[in-house]
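Structure record follows, encoded as structure tokens.
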Amino acid sequence: MQTGPLRGRSILATGVGGGVGQVLIQLAVAEGAEITTVAAQGQPTEHMTALGAKVALDIDAVESGAFDIVLESVGGELGSKTTHKLRPGGQFLWFGQAGGDLITLDFFRQLQDGPALTLRHFLHSDGDGSRDAADMAALLDLASRGRLQVEIGHRGDWAGAGPLLKRMSAGRLRGKAVLNIG
């Protein structure tokens, strides 16, 4: 996702309670951004604050017009409301709808909120893989220097995958899952 330099910028992110979200928080903080995450009631959040994020449990309580960038991956009502949290001219990066519901954008409400926003979607391919390789090398370098950590929230046998997948889909697993096969 290309957002430009992050130093001094404010980010609002949804759906970042898991392992990938932990990496996103760490990268944003390491680059000098201030990141606020939106979490559901009952979702584990201590790990997000420990990584340097602020946590909001109610999108309606988050200040409107306060963010340079919104990283949205949940969809539905939450995703729709995050557009109004952008500063005028802010950047809205949409990379999923894990909640299964569509985002709706109210054209006239957007006009009331100020100058245009930039809406971009995220695709994970650059065609020849060269950017992917460079990105992976940068992530591995950070991890090898201890500046990027991935929490393992569950280790277990493949036979327990059903209940685990339910926990994961409900946003109740902190970190990544490692399953033993065979």
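By convention in this document, the chains of the structure tokens carry letters A, B, ... by their order, each chain's residues are numbered from 1, and ligands are numbered from 1 in the order they are shown.
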* Once DSSP has gone over the backbone, tell me which residues of chain A are in alpha helix (DSSP H), as number ranges by chain. => A: 19-30, 46-50, 76-82, 107-112, 130-144, 161-169
* To do: as a ChimeraX atom specification, list the residues of segment 20-106 of chain A assigned to strand (DSSP E or B) by DSSP on the backbone atoms of this structure.
  => /A:34-38,54-56,67-72,86-94
* What lies within 8 Å of segment 35-37 of chain A using only C-alpha atoms, ignoring chain neighbours under 3 positions off, as a PyMOL selection string? -> chain A and resi 10-16+25+28-29+48+52-56
Selection near Gly100 of chain A, 9 Å with only C-alpha atoms, sequence-local residues under 5 positions removed, as a tab-separated table (two decimals) with C-alpha atoms, in the first residue's frame:
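The file below, result.tsv, is the result:
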chain	number	residue	atom	x	y	z
A	74	VAL	CA	-13.70	-4.56	7.83
A	75	GLY	CA	-16.39	-3.05	5.59
A	76	GLY	CA	-20.01	-2.45	6.51
* To do: Have a look at A:Arg167, A:Arg174, A:Lys85, A:Arg9 and name the one nearest to Ile152 of chain A; count only C-alpha atoms.
  => A:Arg174
* List the neighbours of Gly99 of chain A out to 10 Å using only C-alpha atoms; skip same-chain residues closer than 2 positions along the sequence, and give me the result as a list in words. =>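 Everything that qualifies: Gly15, Ser73, Val74, Gly75, Gly76, Glu77, Leu78, Gly79, Gly96, Gln97, Asp101, Leu102, Ser169 and Ala170 of chain A.
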* In Å, with one decimal, what is the gap from atom CA of Val178 of chain A to atom CA of Glu46 of chain A? -> 21.2 Å
* To do: Excluding Leu179 of chain A and any residue of its chain fewer than 4 positions from it, enumerate the residues within 6 Å of it, using only C-alpha atoms, and give them as a VMD selection string.
  => chain A and resid 155 to 158
* So which one's closest to Leu148 of chain A, A:Gly19, A:Gly42, A:Gly4, A:Gly160? Using only C-alpha atoms, please. -> A:Gly19
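Atom CA of His154 of chain A to atom CA of Lys176 of chain A spans 6.7 Å [interatomic distance, one decimal].
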* Asked: Leaving out Met168 of chain A and any residue of its chain fewer than 2 positions from it, which residues lie within 12 Å of it when counting only C-alpha atoms, given as a list in words?
  ->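 Counting only the stated atoms, we get Gly15, Gly17, Gly18, Gly19, Gln43, Pro44, Ala98, Gly153, His154, Ala161, Gly162, Pro163, Leu164, Leu165, Lys166, Ala170, Gly171, Arg172, Leu173, Arg174, Gly175, Lys176 and Ala177 of chain A.
Closest approach to Val23 of chain A from the set A:Glu63, A:Asp135, A:Asp141, A:Glu151 is made by A:Glu151, with distances taken over only C-alpha atoms.
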* To do: One decimal, Å: what's the distance from atom CA of Val38 of chain A over to atom CA of Leu57 of chain A, could you say?
  =>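 That distance, rounded to one decimal, is 5.9 Å.
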